[in-house]
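Undergrad: There's a structure below that I have some questions on.
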Amino acid sequence: MENPIAVDQLKQLLTQKTLECLQHAEQFYDINLPHLAIDFSLRGQTAGQLCAQQSAFSSSYKIRINLKLAQANLEAFLIDVIPHEIAHFIILWTYGIQKRRGRKRIRPHGPEWQAVMLQCFERPPEIYHSFELPEKQAKTRQMKTYAYTCGCQTHELSAIRHNKITQKGAKYLCKFCHNALTPLKKIPAEFI
């Protein structure tokens, strides 16, 4: 996107589209949907997410939006991502947890959800997006590894396993010689 839109304006556009989709769905299905909060804290590669907290006494619903992906792919968000998440909301509200008991489980992208996408929003029921991640977001995290030996070879352990060994006294054995792994004092050239 050549001229990035201001964050406040972007939030306003996404909120407005969400409200329009909700109103359209209420009219289309002749239902009254509960309040749906909008949260812009989603990170990573996920474009949108519906979150529901249901208990015996109350329910709350919110849609989470990845603001960085939305900024880079605004048109697709307005046309596809928002209706996609609202379709999940409609299915959850229509076939909610109480109505699901004794019935087959409603799949997140099953025929009910697909019907909402096709009939109500007149959009193809696409499950995955192919958005380009913004440059800063596209970098993958590098995992730190630790060199261990058993006697027959050198092993590369993740930071999680290394911490289990050093902090909790966990023991790992070599699959081949069955000796306990011990930390290497000097890092071999193959790990540099």
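Chains: A, B, ... in order of the structure tokens. Residues: from 1 per chain. Ligands: from 1, in order shown.
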How close does stretch 53-139 of chain A get to stretch 23-40 of chain A? List, as CSV, each residue of stretch 53-139 of chain A within 12 Å, its nearest atom pair and the distance in Å to one decimal, counting only C-alpha atoms.

TA:
```
residue,atom,partner,partner_atom,distance
A:Gln53,CA,A:Leu36,CA,11.6
A:Ser58,CA,A:Pro34,CA,11.3
A:Ser59,CA,A:Pro34,CA,9.1
A:Ser60,CA,A:Leu36,CA,7.6
A:Tyr61,CA,A:Leu36,CA,5.2
A:Lys62,CA,A:Ala37,CA,4.3
A:Ile63,CA,A:Ile38,CA,5.0
A:Arg64,CA,A:Asp39,CA,4.7
A:Ile65,CA,A:Phe40,CA,4.8
A:Asn66,CA,A:Phe40,CA,6.0
A:Leu67,CA,A:Phe40,CA,5.8
A:Lys68,CA,A:Phe40,CA,9.3
A:Leu69,CA,A:Phe40,CA,10.7
A:Ala70,CA,A:Phe40,CA,9.8
A:Gln71,CA,A:Phe40,CA,11.5
A:Ile82,CA,A:Ile38,CA,10.8
A:Pro83,CA,A:Ala25,CA,9.6
A:Glu85,CA,A:Leu36,CA,11.0
A:Ile86,CA,A:Ala25,CA,8.4
A:Ala87,CA,A:Ala25,CA,8.6
A:His88,CA,A:Ala25,CA,11.6
A:Phe89,CA,A:Leu36,CA,8.6
A:Ile90,CA,A:Leu33,CA,7.8
A:Ile91,CA,A:Leu33,CA,10.9
A:Leu92,CA,A:Leu33,CA,10.5
A:Trp93,CA,A:Leu33,CA,7.4
A:Thr94,CA,A:Ile31,CA,9.2
A:Val116,CA,A:Ala25,CA,8.8
A:Met117,CA,A:Ala25,CA,10.4
A:Gln119,CA,A:Phe28,CA,9.1
A:Cys120,CA,A:Phe28,CA,6.5
A:Phe121,CA,A:Ala25,CA,8.0
A:Glu122,CA,A:Ala25,CA,11.5
```

Undergrad: Pick out the residues sitting within 10 Å of A:Lys185, and hand them over as an mmCIF file with N, CA and C atoms, in the first residue's frame; count only C-alpha atoms, and ignore anything fewer than 4 positions along from it in its own chain.

TA:
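The resulting file, around.cif, is shown below:
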```cif
data_model
loop_
_atom_site.group_PDB
_atom_site.id
_atom_site.type_symbol
_atom_site.label_atom_id
_atom_site.label_comp_id
_atom_site.auth_asym_id
_atom_site.auth_seq_id
_atom_site.Cartn_x
_atom_site.Cartn_y
_atom_site.Cartn_z
ATOM 1 N N ALA A 147 24.470 -27.278 22.158
ATOM 2 C CA ALA A 147 25.151 -28.496 21.735
ATOM 3 C C ALA A 147 25.344 -29.430 22.924
ATOM 4 N N TYR A 148 24.946 -30.685 22.734
ATOM 5 C CA TYR A 148 25.104 -31.738 23.743
ATOM 6 C C TYR A 148 25.751 -32.936 23.064
ATOM 7 N N THR A 149 26.415 -33.769 23.854
ATOM 8 C CA THR A 149 27.029 -34.972 23.321
ATOM 9 C C THR A 149 26.638 -36.170 24.171
#
```

Undergrad: What does the distance from atom CA of A:Ser130 to atom CA of A:Gln16 come to in Å, to one decimal?

TA: 23.9 Å

Undergrad: Residues of stretch 20-104 of chain A classed as helix (DSSP H, G or I) by DSSP on the backbone are to be reported as a PyMOL selection string.

TA: chain A and resi 20-29+67-72+74-94+97-100

Undergrad: Mind giving me the straight-line distance from atom CA of A:Thr154 to atom CA of A:Leu173 in Å, one decimal?

TA: 12.1 Å

Undergrad: With only C-alpha atoms as the basis for distance, which of A:Lys171, A:His162, A:His84, A:Lys144 is at the shortest distance from A:Trp113?

TA: A:His84

Undergrad: Just to confirm, what's the straight-line distance from atom CA of A:Gln45 to atom CA of A:Asn73 in Å (one decimal)?

TA: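 If I compute the distance from atom CA of A:Gln45 to atom CA of A:Asn73, I get 12.5 Å.
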
Undergrad: Determine the nearest neighbour of A:Ile5 from the options A:Leu22, A:Arg43, A:Glu132, A:Leu74, counting only C-alpha atoms.

TA: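 The shortest atom-to-atom distance to A:Ile5 comes from A:Leu74.
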
Undergrad: Measuring atom to atom with only C-alpha atoms, identify which of A:Ala72, A:Ala180, A:Pro111, A:Leu78 is nearest to A:Gln12.

TA: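 Distance minimum relative to A:Gln12 lands on A:Leu78.
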